[in-house]
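> One file is attached below, work_15.cif, containing mmCIF, C-alpha atoms and all ligand atoms.
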```cif
data_entry
loop_
_atom_site.group_PDB
_atom_site.id
_atom_site.type_symbol
_atom_site.label_atom_id
_atom_site.label_comp_id
_atom_site.auth_asym_id
_atom_site.auth_seq_id
_atom_site.Cartn_x
_atom_site.Cartn_y
_atom_site.Cartn_z
ATOM 1 C CA MET A 174 -64.151 12.549 -38.972
ATOM 2 C CA LEU A 175 -60.673 12.058 -37.526
ATOM 3 C CA VAL A 176 -59.912 14.836 -35.051
ATOM 4 C CA LYS A 177 -56.296 15.025 -33.962
ATOM 5 C CA THR A 178 -54.803 16.896 -31.021
ATOM 6 C CA VAL A 179 -53.218 20.072 -32.337
ATOM 7 C CA THR A 180 -49.466 20.055 -31.719
ATOM 8 C CA LYS A 181 -48.190 22.103 -34.670
ATOM 9 C CA ALA A 182 -48.086 25.864 -35.167
ATOM 10 C CA VAL A 183 -46.954 28.147 -37.958
ATOM 11 C CA ILE A 184 -45.692 31.647 -37.197
ATOM 12 C CA PRO A 185 -45.418 33.854 -40.287
ATOM 13 C CA ALA A 186 -42.661 36.383 -39.619
ATOM 14 C CA ALA A 187 -41.567 37.481 -43.082
ATOM 15 C CA GLY A 188 -43.384 40.858 -43.298
ATOM 16 C CA LEU A 189 -41.189 43.889 -43.945
ATOM 17 C CA GLY A 190 -42.340 45.990 -41.004
ATOM 18 C CA THR A 191 -42.377 49.238 -42.982
ATOM 19 C CA ARG A 192 -44.486 50.899 -40.267
ATOM 20 C CA PHE A 193 -41.464 50.549 -37.987
ATOM 21 C CA LEU A 194 -38.879 52.143 -40.257
ATOM 22 C CA PRO A 195 -36.107 53.083 -39.573
ATOM 23 C CA ILE A 196 -35.877 50.405 -36.786
ATOM 24 C CA THR A 197 -36.625 47.642 -39.285
ATOM 25 C CA LYS A 198 -33.798 48.729 -41.596
ATOM 26 C CA SER A 199 -31.581 46.354 -39.657
ATOM 27 C CA MET A 200 -33.800 44.307 -37.355
ATOM 28 C CA PRO A 201 -36.932 42.201 -37.855
ATOM 29 C CA LYS A 202 -40.124 43.794 -36.508
ATOM 30 C CA GLU A 203 -40.769 40.547 -34.599
ATOM 31 C CA MET A 204 -37.612 41.266 -32.555
ATOM 32 C CA ILE A 205 -38.837 44.676 -31.358
ATOM 33 C CA PRO A 206 -39.002 44.467 -27.553
ATOM 34 C CA VAL A 207 -42.197 44.744 -25.562
ATOM 35 C CA VAL A 208 -41.057 45.610 -22.017
ATOM 36 C CA HIS A 209 -38.245 43.104 -21.625
ATOM 37 C CA LYS A 210 -38.460 40.593 -24.457
ATOM 38 C CA PRO A 211 -39.046 40.551 -28.213
ATOM 39 C CA VAL A 212 -42.649 40.241 -29.342
ATOM 40 C CA ILE A 213 -41.992 36.864 -31.018
ATOM 41 C CA HIS A 214 -40.860 35.496 -27.636
ATOM 42 C CA TYR A 215 -44.420 36.101 -26.336
ATOM 43 C CA VAL A 216 -45.837 34.410 -29.446
ATOM 44 C CA VAL A 217 -43.679 31.270 -29.000
ATOM 45 C CA GLU A 218 -44.626 31.215 -25.284
ATOM 46 C CA GLU A 219 -48.316 31.381 -26.240
ATOM 47 C CA ALA A 220 -47.895 28.441 -28.621
ATOM 48 C CA TYR A 221 -46.068 26.442 -25.944
ATOM 49 C CA LEU A 222 -48.730 27.197 -23.293
ATOM 50 C CA SER A 223 -51.374 26.034 -25.774
ATOM 51 C CA GLY A 224 -49.823 22.564 -26.065
ATOM 52 C CA ILE A 225 -47.853 23.117 -29.272
ATOM 53 C CA LYS A 226 -44.776 20.921 -29.710
ATOM 54 C CA ASP A 227 -43.569 21.827 -33.211
ATOM 55 C CA ILE A 228 -43.333 25.363 -34.562
ATOM 56 C CA LEU A 229 -42.507 26.448 -38.100
ATOM 57 C CA ILE A 230 -41.401 30.077 -38.349
ATOM 58 C CA ILE A 231 -41.662 31.514 -41.863
ATOM 59 C CA THR A 232 -38.843 34.013 -42.212
ATOM 60 C CA GLY A 233 -37.485 36.039 -45.109
ATOM 61 C CA LYS A 234 -34.865 38.615 -46.013
ATOM 62 C CA GLY A 235 -33.315 40.323 -42.967
ATOM 63 C CA LYS A 236 -34.861 37.964 -40.409
ATOM 64 C CA ARG A 237 -31.843 35.931 -39.310
ATOM 65 C CA ALA A 238 -31.859 37.493 -35.825
ATOM 66 C CA ILE A 239 -34.996 35.442 -35.084
ATOM 67 C CA GLU A 240 -33.108 32.175 -35.580
ATOM 68 C CA ASP A 241 -30.233 33.334 -33.361
ATOM 69 C CA TYR A 242 -32.695 34.343 -30.652
ATOM 70 C CA PHE A 243 -34.183 30.862 -30.350
ATOM 71 C CA ASP A 244 -30.833 29.085 -29.953
ATOM 72 C CA LEU A 245 -30.123 27.667 -26.493
ATOM 73 C CA ASP A 246 -27.837 30.013 -24.558
ATOM 74 C CA LYS A 247 -25.547 28.085 -22.245
ATOM 75 C CA ASN A 248 -23.391 31.173 -21.471
ATOM 76 C CA ALA A 249 -26.175 33.029 -19.707
ATOM 77 C CA SER A 250 -27.203 30.411 -17.138
ATOM 78 C CA GLY A 251 -27.580 33.027 -14.349
ATOM 79 C CA ASN A 252 -30.219 34.983 -16.259
ATOM 80 C CA GLU A 253 -33.714 33.973 -15.149
ATOM 81 C CA MET A 254 -35.458 34.945 -18.408
ATOM 82 C CA ILE A 255 -32.969 33.041 -20.539
ATOM 83 C CA HIS A 256 -33.429 30.070 -18.242
ATOM 84 C CA SER A 257 -37.212 30.096 -18.716
ATOM 85 C CA LEU A 258 -36.835 30.468 -22.504
ATOM 86 C CA ASP A 259 -34.319 27.602 -22.592
ATOM 87 C CA GLU A 260 -36.808 25.448 -20.663
ATOM 88 C CA ILE A 261 -39.424 26.053 -23.359
ATOM 89 C CA LEU A 262 -36.861 25.455 -26.113
ATOM 90 C CA GLY A 263 -35.988 22.132 -24.491
ATOM 91 C CA ARG A 264 -39.605 21.002 -24.859
ATOM 92 C CA ILE A 265 -40.493 22.175 -28.366
ATOM 93 C CA ASN A 266 -38.943 22.001 -31.833
ATOM 94 C CA ILE A 267 -38.608 25.134 -33.922
ATOM 95 C CA TYR A 268 -38.107 24.853 -37.668
ATOM 96 C CA TYR A 269 -37.541 27.661 -40.155
ATOM 97 C CA THR A 270 -38.328 28.163 -43.779
ATOM 98 C CA ARG A 271 -37.859 31.256 -45.927
ATOM 99 C CA GLN A 272 -40.471 33.015 -47.984
ATOM 100 C CA LYS A 273 -38.737 33.977 -51.207
ATOM 101 C CA GLY A 274 -40.342 37.399 -51.516
ATOM 102 C CA VAL A 275 -43.121 39.487 -50.040
ATOM 103 C CA ARG A 276 -46.108 37.713 -51.556
ATOM 104 C CA GLY A 277 -48.695 37.914 -48.775
ATOM 105 C CA LEU A 278 -49.809 35.973 -45.699
ATOM 106 C CA GLY A 279 -51.416 33.243 -47.804
ATOM 107 C CA ASP A 280 -48.197 32.643 -49.726
ATOM 108 C CA ALA A 281 -46.311 32.411 -46.407
ATOM 109 C CA ILE A 282 -48.746 29.795 -45.052
ATOM 110 C CA GLY A 283 -48.441 27.928 -48.366
ATOM 111 C CA HIS A 284 -44.825 27.187 -47.346
ATOM 112 C CA ALA A 285 -46.091 25.076 -44.416
ATOM 113 C CA GLY A 286 -47.602 22.187 -46.417
ATOM 114 C CA ALA A 287 -44.808 19.660 -45.822
ATOM 115 C CA PHE A 288 -44.560 20.708 -42.162
ATOM 116 C CA ALA A 289 -48.299 20.203 -41.592
ATOM 117 C CA GLY A 290 -48.092 16.822 -43.336
ATOM 118 C CA GLY A 291 -51.875 16.321 -43.298
ATOM 119 C CA ASP A 292 -52.328 17.521 -39.675
ATOM 120 C CA PRO A 293 -54.309 20.521 -38.405
ATOM 121 C CA PHE A 294 -52.155 23.427 -37.255
ATOM 122 C CA ALA A 295 -52.412 26.752 -35.466
ATOM 123 C CA VAL A 296 -51.330 30.046 -37.044
ATOM 124 C CA LEU A 297 -50.092 32.831 -34.770
ATOM 125 C CA LEU A 298 -48.916 36.109 -36.264
ATOM 126 C CA GLY A 299 -45.349 37.020 -35.290
ATOM 127 C CA ASP A 300 -46.404 40.511 -34.131
ATOM 128 C CA THR A 301 -49.573 39.854 -32.133
ATOM 129 C CA ILE A 302 -49.887 38.931 -28.437
ATOM 130 C CA THR A 303 -53.163 37.558 -27.024
ATOM 131 C CA ILE A 304 -53.943 37.355 -23.304
ATOM 132 C CA PRO A 305 -55.071 34.712 -22.337
ATOM 133 C CA PRO A 306 -53.593 32.609 -25.175
ATOM 134 C CA CYS A 307 -56.184 32.607 -27.959
ATOM 135 C CA THR A 308 -54.602 29.511 -29.566
ATOM 136 C CA MET A 309 -55.648 27.463 -26.541
ATOM 137 C CA ALA A 310 -59.333 28.371 -27.072
ATOM 138 C CA LEU A 311 -59.130 27.649 -30.828
ATOM 139 C CA GLY A 312 -57.496 24.269 -30.132
ATOM 140 C CA SER A 313 -60.357 23.149 -27.873
ATOM 141 C CA ILE A 314 -62.990 24.300 -30.387
ATOM 142 C CA TYR A 315 -61.187 22.367 -33.150
ATOM 143 C CA GLU A 316 -61.000 19.284 -30.951
ATOM 144 C CA LYS A 317 -64.768 19.515 -30.345
ATOM 145 C CA HIS A 318 -65.907 20.158 -33.943
ATOM 146 C CA GLY A 319 -63.003 19.053 -36.183
ATOM 147 C CA LYS A 320 -63.287 22.231 -38.290
ATOM 148 C CA SER A 321 -61.049 25.214 -39.038
ATOM 149 C CA VAL A 322 -61.568 28.033 -36.528
ATOM 150 C CA ILE A 323 -60.778 31.727 -36.930
ATOM 151 C CA ALA A 324 -60.577 34.119 -33.981
ATOM 152 C CA VAL A 325 -62.390 37.423 -34.451
ATOM 153 C CA GLU A 326 -63.142 40.516 -32.404
ATOM 154 C CA LYS A 327 -65.471 43.467 -32.870
ATOM 155 C CA VAL A 328 -63.689 46.557 -34.187
ATOM 156 C CA PRO A 329 -64.878 50.165 -34.559
ATOM 157 C CA ARG A 330 -66.143 51.096 -38.024
ATOM 158 C CA ASP A 331 -63.139 53.272 -38.857
ATOM 159 C CA MET A 332 -60.796 50.303 -38.274
ATOM 160 C CA ILE A 333 -62.646 47.851 -40.535
ATOM 161 C CA GLN A 334 -60.476 48.429 -43.592
ATOM 162 C CA ASN A 335 -57.350 47.254 -41.746
ATOM 163 C CA TYR A 336 -58.687 43.724 -41.262
ATOM 164 C CA GLY A 337 -60.209 40.672 -42.841
ATOM 165 C CA ILE A 338 -63.938 40.767 -41.973
ATOM 166 C CA VAL A 339 -66.263 37.775 -41.621
ATOM 167 C CA ALA A 340 -69.937 37.434 -42.569
ATOM 168 C CA THR A 341 -72.198 35.239 -40.465
ATOM 169 C CA SER A 342 -75.889 34.604 -40.022
ATOM 170 C CA ASP A 343 -75.163 32.433 -36.971
ATOM 171 C CA ASP A 344 -75.561 33.496 -33.340
ATOM 172 C CA THR A 345 -72.132 34.986 -32.602
ATOM 173 C CA ARG A 346 -72.621 34.803 -28.831
ATOM 174 C CA LYS A 347 -71.917 31.072 -28.940
ATOM 175 C CA ASP A 348 -68.411 29.729 -28.395
ATOM 176 C CA ALA A 349 -68.147 28.970 -32.114
ATOM 177 C CA PHE A 350 -70.302 30.224 -34.986
ATOM 178 C CA VAL A 351 -70.462 29.308 -38.666
ATOM 179 C CA ILE A 352 -68.744 31.737 -41.031
ATOM 180 C CA ASP A 353 -70.648 32.273 -44.297
ATOM 181 C CA ASP A 354 -68.075 34.416 -46.076
ATOM 182 C CA LEU A 355 -64.926 36.494 -45.562
ATOM 183 C CA ILE A 356 -63.580 39.617 -47.187
ATOM 184 C CA GLU A 357 -60.099 41.067 -46.860
ATOM 185 C CA LYS A 358 -59.920 44.740 -45.816
ATOM 186 C CA PRO A 359 -63.281 45.975 -47.163
ATOM 187 C CA VAL A 360 -64.305 49.628 -47.084
ATOM 188 C CA PRO A 361 -66.784 49.993 -44.176
ATOM 189 C CA GLU A 362 -69.727 50.449 -46.598
ATOM 190 C CA HIS A 363 -69.079 46.980 -48.072
ATOM 191 C CA ALA A 364 -68.238 45.210 -44.815
ATOM 192 C CA PRO A 365 -70.645 42.393 -43.940
ATOM 193 C CA SER A 366 -70.068 42.895 -40.169
ATOM 194 C CA ASP A 367 -67.718 44.487 -37.646
ATOM 195 C CA LEU A 368 -66.124 41.124 -36.761
ATOM 196 C CA ALA A 369 -62.430 41.368 -37.652
ATOM 197 C CA ILE A 370 -59.966 38.513 -38.077
ATOM 198 C CA LEU A 371 -57.470 39.102 -35.301
ATOM 199 C CA GLY A 372 -54.599 36.914 -36.486
ATOM 200 C CA SER A 373 -55.107 33.603 -34.631
ATOM 201 C CA TYR A 374 -56.250 30.678 -36.744
ATOM 202 C CA LEU A 375 -56.655 26.920 -36.375
ATOM 203 C CA LEU A 376 -56.556 25.420 -39.851
ATOM 204 C CA THR A 377 -57.249 22.012 -41.331
ATOM 205 C CA PRO A 378 -54.800 20.888 -44.047
ATOM 206 C CA GLU A 379 -57.515 21.420 -46.716
ATOM 207 C CA ILE A 380 -56.375 25.073 -46.663
ATOM 208 C CA PHE A 381 -53.381 24.184 -48.865
ATOM 209 C CA ASP A 382 -55.566 23.191 -51.846
ATOM 210 C CA CYS A 383 -57.560 26.402 -51.373
ATOM 211 C CA LEU A 384 -54.363 28.495 -51.294
ATOM 212 C CA ARG A 385 -53.399 27.045 -54.677
ATOM 213 C CA GLU A 386 -56.753 28.243 -56.079
ATOM 214 C CA VAL A 387 -56.336 31.860 -54.921
ATOM 215 C CA THR A 388 -55.763 34.552 -57.543
ATOM 216 C CA PRO A 389 -53.181 37.141 -56.387
ATOM 217 C CA ASP A 390 -54.659 40.513 -55.369
ATOM 218 C CA ARG A 391 -53.873 43.891 -56.980
ATOM 219 C CA LYS A 392 -50.519 44.010 -55.175
ATOM 220 C CA GLY A 393 -49.632 40.520 -56.434
ATOM 221 C CA GLU A 394 -50.135 39.027 -52.943
ATOM 222 C CA ILE A 395 -51.899 35.786 -52.028
ATOM 223 C CA GLN A 396 -54.281 36.521 -49.162
ATOM 224 C CA LEU A 397 -55.050 33.873 -46.537
ATOM 225 C CA THR A 398 -58.540 35.399 -46.215
ATOM 226 C CA ASP A 399 -59.227 34.580 -49.903
ATOM 227 C CA ALA A 400 -58.201 30.941 -49.326
ATOM 228 C CA LEU A 401 -60.454 30.770 -46.248
ATOM 229 C CA ARG A 402 -63.282 32.125 -48.374
ATOM 230 C CA ILE A 403 -62.806 29.197 -50.782
ATOM 231 C CA LEU A 404 -62.571 26.782 -47.829
ATOM 232 C CA ALA A 405 -65.830 28.139 -46.346
ATOM 233 C CA ARG A 406 -67.610 27.234 -49.612
ATOM 234 C CA LYS A 407 -66.300 23.660 -49.470
ATOM 235 C CA GLU A 408 -66.709 22.876 -45.757
ATOM 236 C CA THR A 409 -67.708 24.446 -42.442
ATOM 237 C CA VAL A 410 -65.358 27.145 -41.172
ATOM 238 C CA LEU A 411 -66.012 28.349 -37.638
ATOM 239 C CA GLY A 412 -65.468 31.719 -36.011
ATOM 240 C CA HIS A 413 -64.758 32.355 -32.343
ATOM 241 C CA VAL A 414 -65.206 35.738 -30.697
ATOM 242 C CA PHE A 415 -62.077 36.225 -28.599
ATOM 243 C CA ASN A 416 -62.887 37.884 -25.299
ATOM 244 C CA GLY A 417 -59.364 38.552 -24.070
ATOM 245 C CA ARG A 418 -56.841 41.263 -24.859
ATOM 246 C CA ARG A 419 -55.142 41.413 -28.249
ATOM 247 C CA LEU A 420 -51.974 43.454 -28.359
ATOM 248 C CA ASP A 421 -51.075 44.252 -31.958
ATOM 249 C CA ILE A 422 -47.448 45.248 -32.121
ATOM 250 C CA GLY A 423 -47.626 45.980 -35.853
ATOM 251 C CA ASN A 424 -47.988 49.771 -35.484
ATOM 252 C CA LYS A 425 -46.297 52.350 -33.278
ATOM 253 C CA ILE A 426 -49.152 53.540 -31.094
ATOM 254 C CA ASP A 427 -50.378 50.033 -30.268
ATOM 255 C CA TRP A 428 -46.808 48.934 -29.616
ATOM 256 C CA LEU A 429 -46.390 51.820 -27.152
ATOM 257 C CA LYS A 430 -49.706 50.973 -25.470
ATOM 258 C CA ALA A 431 -48.692 47.289 -25.199
ATOM 259 C CA ASN A 432 -45.450 48.319 -23.492
ATOM 260 C CA ILE A 433 -47.305 50.437 -20.940
ATOM 261 C CA GLU A 434 -49.985 47.787 -20.315
ATOM 262 C CA LEU A 435 -47.541 44.908 -19.850
ATOM 263 C CA ALA A 436 -45.103 47.004 -17.804
ATOM 264 C CA LEU A 437 -47.947 47.990 -15.445
ATOM 265 C CA ALA A 438 -48.888 44.302 -15.143
ATOM 266 C CA ASP A 439 -45.307 43.274 -14.300
ATOM 267 C CA PRO A 440 -44.971 42.691 -10.513
ATOM 268 C CA GLU A 441 -41.463 44.157 -10.377
ATOM 269 C CA LEU A 442 -41.837 47.088 -12.800
ATOM 270 C CA GLY A 443 -45.555 47.852 -12.382
ATOM 271 C CA PRO A 444 -45.444 50.024 -9.217
ATOM 272 C CA HIS A 445 -42.515 52.101 -10.576
ATOM 273 C CA VAL A 446 -44.210 52.650 -13.947
ATOM 274 C CA GLU A 447 -47.465 53.617 -12.223
ATOM 275 C CA GLU A 448 -45.702 56.131 -10.022
ATOM 276 C CA PHE A 449 -43.857 57.528 -13.042
ATOM 277 C CA ILE A 450 -47.095 57.937 -15.035
ATOM 278 C CA ARG A 451 -48.787 59.670 -12.080
ATOM 279 C CA ARG A 452 -45.877 62.098 -11.913
ATOM 280 C CA LEU A 453 -46.108 62.801 -15.665
ATOM 281 C CA CYS A 454 -49.893 63.207 -15.629
ATOM 282 C CA PRO A 455 -50.836 64.444 -12.141
HETATM 283 C C1 LIG A 501 -53.548 40.115 -41.836
HETATM 284 C C2 LIG A 501 -54.754 39.405 -42.455
HETATM 285 C C3 LIG A 501 -56.045 40.095 -42.020
HETATM 286 C C4 LIG A 501 -56.120 40.146 -40.507
HETATM 287 C C5 LIG A 501 -54.876 40.845 -39.929
HETATM 288 C C6 LIG A 501 -54.825 40.786 -38.411
HETATM 289 O O1 LIG A 501 -53.448 41.414 -42.397
HETATM 290 O O2 LIG A 501 -54.617 39.415 -43.871
HETATM 291 O O3 LIG A 501 -57.145 39.384 -42.529
HETATM 292 O O4 LIG A 501 -57.292 40.828 -40.109
HETATM 293 O O5 LIG A 501 -53.666 40.201 -40.416
HETATM 294 O O6 LIG A 501 -53.776 41.559 -37.906
HETATM 295 P P1 LIG A 501 -52.097 42.320 -42.219
HETATM 296 O O7 LIG A 501 -52.196 42.948 -40.857
HETATM 297 O O8 LIG A 501 -50.929 41.396 -42.372
HETATM 298 O O9 LIG A 501 -52.180 43.340 -43.327
#
```
As structure tokens, how would this structure be written, given the file I've shared?

Amino acid sequence: MLVKTVTKAVIPAAGLGTRFLPITKSMPKEMIPVVHKPVIHYVVEEAYLSGIKDILIITGKGKRAIEDYFDLDKNASGNEMIHSLDEILGRINIYYTRQKGVRGLGDAIGHAGAFAGGDPFAVLLGDTITIPPCTMALGSIYEKHGKSVIAVEKVPRDMIQNYGIVATSDDTRKDAFVIDDLIEKPVPEHAPSDLAILGSYLLTPEIFDCLREVTPDRKGEIQLTDALRILARKETVLGHVFNGRRLDIGNKIDWLKANIELALADPELGPHVEEFIRRLCP
């Protein structure tokens, strides 16, 4: 077994963001700000902090603002946040490729074959922030076991049908457990557990063959979960229960909550926001 250090990451960012209409009529959902920077800025920072050197962002129609955002900005040298972003950009490479249509997360990842070039790679969704960086934990589990790893978290029963759900007969309290099966967005009655795929993955390149075997779902989309299901039949796929905070920016209420949580945690803004909230809700 040849286990390589993980230095590549893929960020799918081609989704339409219909839950954010009308904002997403003219801007990518990944560019929606959380406190003071776009959500995809946090995602790239997470990849960087996890040791990633090369990032492939999968874009699509209407997503050009993402590419502009990650250009170096020499005109704004006095701005501290631009300076820290430019420092990251000086240390990593970002590549882009376009998904030709909305054909699902699996189809998007299928565009990363040449980029992966036989190496393992992380997947971070363009609209999800994890604190502390979940990719870092997945990277160390991969480096220990040499297997694909999927981050999961327990979700309430009424949320099950929004997620991919994993089945396991292993002891899930361990750092990494063996996944027996996966099912994309089951109704709660058919869900094998309450462990939901949270959107952070560490994948071996074998996933590309599995993606080619997937039959499109009823909406004509190729699901990554279906490819992982095929992979889990061929070789060990591990799960990791993430114990940190996942901020899903993909829907309005969670986006609002993420703004409040991160603003309260900001040393400069936090005290003002706290005082403001106390005044609103005495
Ligand atoms: C995707 C995956 C799903 C996962 C979810 C996490 O679904 O297909 O398995 O649980 O991300 O956010 P989406 O949210 O793109 O519908």
> Find, counting only C-alpha atoms and all ligand atoms, the residue in A:Leu437, A:Val325, A:Leu194, A:Ala405 that gets nearest to ligand LIG 501 (chain A).
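Under the stated criterion, the closest residue is A:Val325.
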> Once the PyMOL selection byres (((chain A and resi 396) around 9) and not hetatm) has been evaluated on this model, what residues remain selected, and can you format them as a list in words?
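In the shown coordinates, the PyMOL selection byres (((chain A and resi 396) around 9) and not hetatm) covers Arg276, Gly277, Leu278, Gly279, Asp280, Glu357, Leu384, Val387, Thr388, Pro389, Asp390, Glu394, Ile395, Leu397, Thr398, Asp399, Ala400 and Leu401 of chain A.
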> Take the residues that were just selected and, keeping C-alpha atoms, output them as a PDB file, in the frame of the given file.

```pdb
ATOM      1  CA  ARG A 276     -46.108  37.713 -51.556  1.00  0.00           C
ATOM      2  CA  GLY A 277     -48.695  37.914 -48.775  1.00  0.00           C
ATOM      3  CA  LEU A 278     -49.809  35.973 -45.699  1.00  0.00           C
ATOM      4  CA  GLY A 279     -51.416  33.243 -47.804  1.00  0.00           C
ATOM      5  CA  ASP A 280     -48.197  32.643 -49.726  1.00  0.00           C
ATOM      6  CA  GLU A 357     -60.099  41.067 -46.860  1.00  0.00           C
ATOM      7  CA  LEU A 384     -54.363  28.495 -51.294  1.00  0.00           C
ATOM      8  CA  VAL A 387     -56.336  31.860 -54.921  1.00  0.00           C
ATOM      9  CA  THR A 388     -55.763  34.552 -57.543  1.00  0.00           C
ATOM     10  CA  PRO A 389     -53.181  37.141 -56.387  1.00  0.00           C
ATOM     11  CA  ASP A 390     -54.659  40.513 -55.369  1.00  0.00           C
ATOM     12  CA  GLU A 394     -50.135  39.027 -52.943  1.00  0.00           C
ATOM     13  CA  ILE A 395     -51.899  35.786 -52.028  1.00  0.00           C
ATOM     14  CA  LEU A 397     -55.050  33.873 -46.537  1.00  0.00           C
ATOM     15  CA  THR A 398     -58.540  35.399 -46.215  1.00  0.00           C
ATOM     16  CA  ASP A 399     -59.227  34.580 -49.903  1.00  0.00           C
ATOM     17  CA  ALA A 400     -58.201  30.941 -49.326  1.00  0.00           C
ATOM     18  CA  LEU A 401     -60.454  30.770 -46.248  1.00  0.00           C
TER      19      LEU A 401
END
```
> Would you mind reading off the distance between atom CA of Val216 of chain A and atom CA of Pro329 of chain A, one decimal, in Å?
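Answer for the atom CA of Val216 of chain A to atom CA of Pro329 of chain A separation: 25.2 Å.
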> For the file shown, what are the residues hit by the PyMOL selection byres (((chain A and resi 225-228) around 12) and not hetatm), laid out as a tab-separated table (two decimals) with C-alpha atoms, in the coordinates of the input?

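To be explicit, this is the file written out as result_3.tsv:
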```
chain	number	residue	atom	x	y	z
A	178	THR	CA	-54.80	16.90	-31.02
A	179	VAL	CA	-53.22	20.07	-32.34
A	180	THR	CA	-49.47	20.06	-31.72
A	181	LYS	CA	-48.19	22.10	-34.67
A	182	ALA	CA	-48.09	25.86	-35.17
A	183	VAL	CA	-46.95	28.15	-37.96
A	184	ILE	CA	-45.69	31.65	-37.20
A	185	PRO	CA	-45.42	33.85	-40.29
A	216	VAL	CA	-45.84	34.41	-29.45
A	217	VAL	CA	-43.68	31.27	-29.00
A	218	GLU	CA	-44.63	31.22	-25.28
A	219	GLU	CA	-48.32	31.38	-26.24
A	220	ALA	CA	-47.90	28.44	-28.62
A	221	TYR	CA	-46.07	26.44	-25.94
A	222	LEU	CA	-48.73	27.20	-23.29
A	223	SER	CA	-51.37	26.03	-25.77
A	224	GLY	CA	-49.82	22.56	-26.06
A	229	LEU	CA	-42.51	26.45	-38.10
A	230	ILE	CA	-41.40	30.08	-38.35
A	231	ILE	CA	-41.66	31.51	-41.86
A	243	PHE	CA	-34.18	30.86	-30.35
A	261	ILE	CA	-39.42	26.05	-23.36
A	262	LEU	CA	-36.86	25.46	-26.11
A	263	GLY	CA	-35.99	22.13	-24.49
A	264	ARG	CA	-39.60	21.00	-24.86
A	265	ILE	CA	-40.49	22.18	-28.37
A	266	ASN	CA	-38.94	22.00	-31.83
A	267	ILE	CA	-38.61	25.13	-33.92
A	268	TYR	CA	-38.11	24.85	-37.67
A	269	TYR	CA	-37.54	27.66	-40.16
A	270	THR	CA	-38.33	28.16	-43.78
A	285	ALA	CA	-46.09	25.08	-44.42
A	288	PHE	CA	-44.56	20.71	-42.16
A	289	ALA	CA	-48.30	20.20	-41.59
A	292	ASP	CA	-52.33	17.52	-39.67
A	293	PRO	CA	-54.31	20.52	-38.40
A	294	PHE	CA	-52.16	23.43	-37.26
A	295	ALA	CA	-52.41	26.75	-35.47
A	296	VAL	CA	-51.33	30.05	-37.04
A	297	LEU	CA	-50.09	32.83	-34.77
A	299	GLY	CA	-45.35	37.02	-35.29
A	306	PRO	CA	-53.59	32.61	-25.18
A	308	THR	CA	-54.60	29.51	-29.57
A	309	MET	CA	-55.65	27.46	-26.54
A	312	GLY	CA	-57.50	24.27	-30.13
A	375	LEU	CA	-56.66	26.92	-36.38
```
> Enclose all atoms of segment 258-269 of chain A listed in the file in an axis-aligned box, grow every side by 3 Å, and hand back centre and edge lengths in Å to one decimal, as AutoDock Vina command-line options.

```
--center_x -37.4 --center_y 25.7 --center_z -30.4 --size_x 12.2 --size_y 15.5 --size_z 25.5
```
> Neighbours of ligand LIG 501 (chain A) at 6 Å or closer, counting all atoms listed in the file: which residues, as a list in words?
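Every residue with an atom at most 6 Å from ligand LIG 501 (chain A) is listed here: Tyr336, Gly337, Glu357, Ala369, Ile370, Leu371, Gly372 and Thr398 of chain A.
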> Let me know the residues the PyMOL selection byres (((chain A and resi 334) around 12) and not hetatm) catches in the file above, as an MDAnalysis selection string.
chainID A and resid 328:333 335:338 356:370
> Between atom CA of Gly233 of chain A and atom CA of Thr191 of chain A, measure the distance and give it in Å to one decimal.
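Atom CA of Thr191 of chain A lies 14.2 Å from atom CA of Gly233 of chain A.
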> Enumerate, in order of chain and increasing residue number, the residues of segment 219-319 of chain A with an atom no farther than 8 Å from segment 408-427 of chain A, each with its shortest atom pair and distance in Å to one decimal, counting all atoms listed in the file, as JSON lines.

```
{"residue": "A:Asp300", "atom": "CA", "partner": "A:Ile422", "partner_atom": "CA", "distance": 5.3}
{"residue": "A:Thr301", "atom": "CA", "partner": "A:Asp421", "partner_atom": "CA", "distance": 4.7}
{"residue": "A:Ile302", "atom": "CA", "partner": "A:Leu420", "partner_atom": "CA", "distance": 5.0}
{"residue": "A:Thr303", "atom": "CA", "partner": "A:Arg419", "partner_atom": "CA", "distance": 4.5}
{"residue": "A:Ile304", "atom": "CA", "partner": "A:Arg418", "partner_atom": "CA", "distance": 5.1}
{"residue": "A:Pro305", "atom": "CA", "partner": "A:Gly417", "partner_atom": "CA", "distance": 6.0}
{"residue": "A:Cys307", "atom": "CA", "partner": "A:Phe415", "partner_atom": "CA", "distance": 6.9}
{"residue": "A:Leu311", "atom": "CA", "partner": "A:His413", "partner_atom": "CA", "distance": 7.5}
```
> Between atom CA of Arg237 of chain A and atom CA of Gly290 of chain A, measure the distance and give it in Å to one decimal.
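Answer for the atom CA of Arg237 of chain A to atom CA of Gly290 of chain A separation: 25.4 Å.
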> Closest to Asp382 of chain A among A:Pro211, A:Gly283, A:Gly274, A:Pro206, using only C-alpha atoms?
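Smallest distance to Asp382 of chain A is found for A:Gly283.
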> Using all atoms listed in the file, can you tell me which of A:Ile314, A:Pro195, A:Gly235, A:Thr377 comes closest to Ala349 of chain A?
A:Ile314
> My list of candidates is A:Leu435, A:Ala186, A:Val339, A:Leu404. Which is closest to Cys383 of chain A when distances are computed with all atoms listed in the file?
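Of A:Leu435, A:Ala186, A:Val339, A:Leu404, the one nearest Cys383 of chain A is A:Leu404, counting all atoms listed in the file.
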> Let me make sure I understand: among A:Leu298, A:Gly291, A:Tyr215, A:Lys234, which one has the smallest atom-to-atom distance to Lys273 of chain A if we use only C-alpha atoms?
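Closest residue, counting only C-alpha atoms: A:Lys234.
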> Could you check the closest approach to Gly286 of chain A for each of A:Ile196, A:Glu379, A:Ile433, A:Arg402 and tell me which residue wins, using only C-alpha atoms?
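Nearest candidate to Gly286 of chain A out of A:Ile196, A:Glu379, A:Ile433, A:Arg402: A:Glu379.
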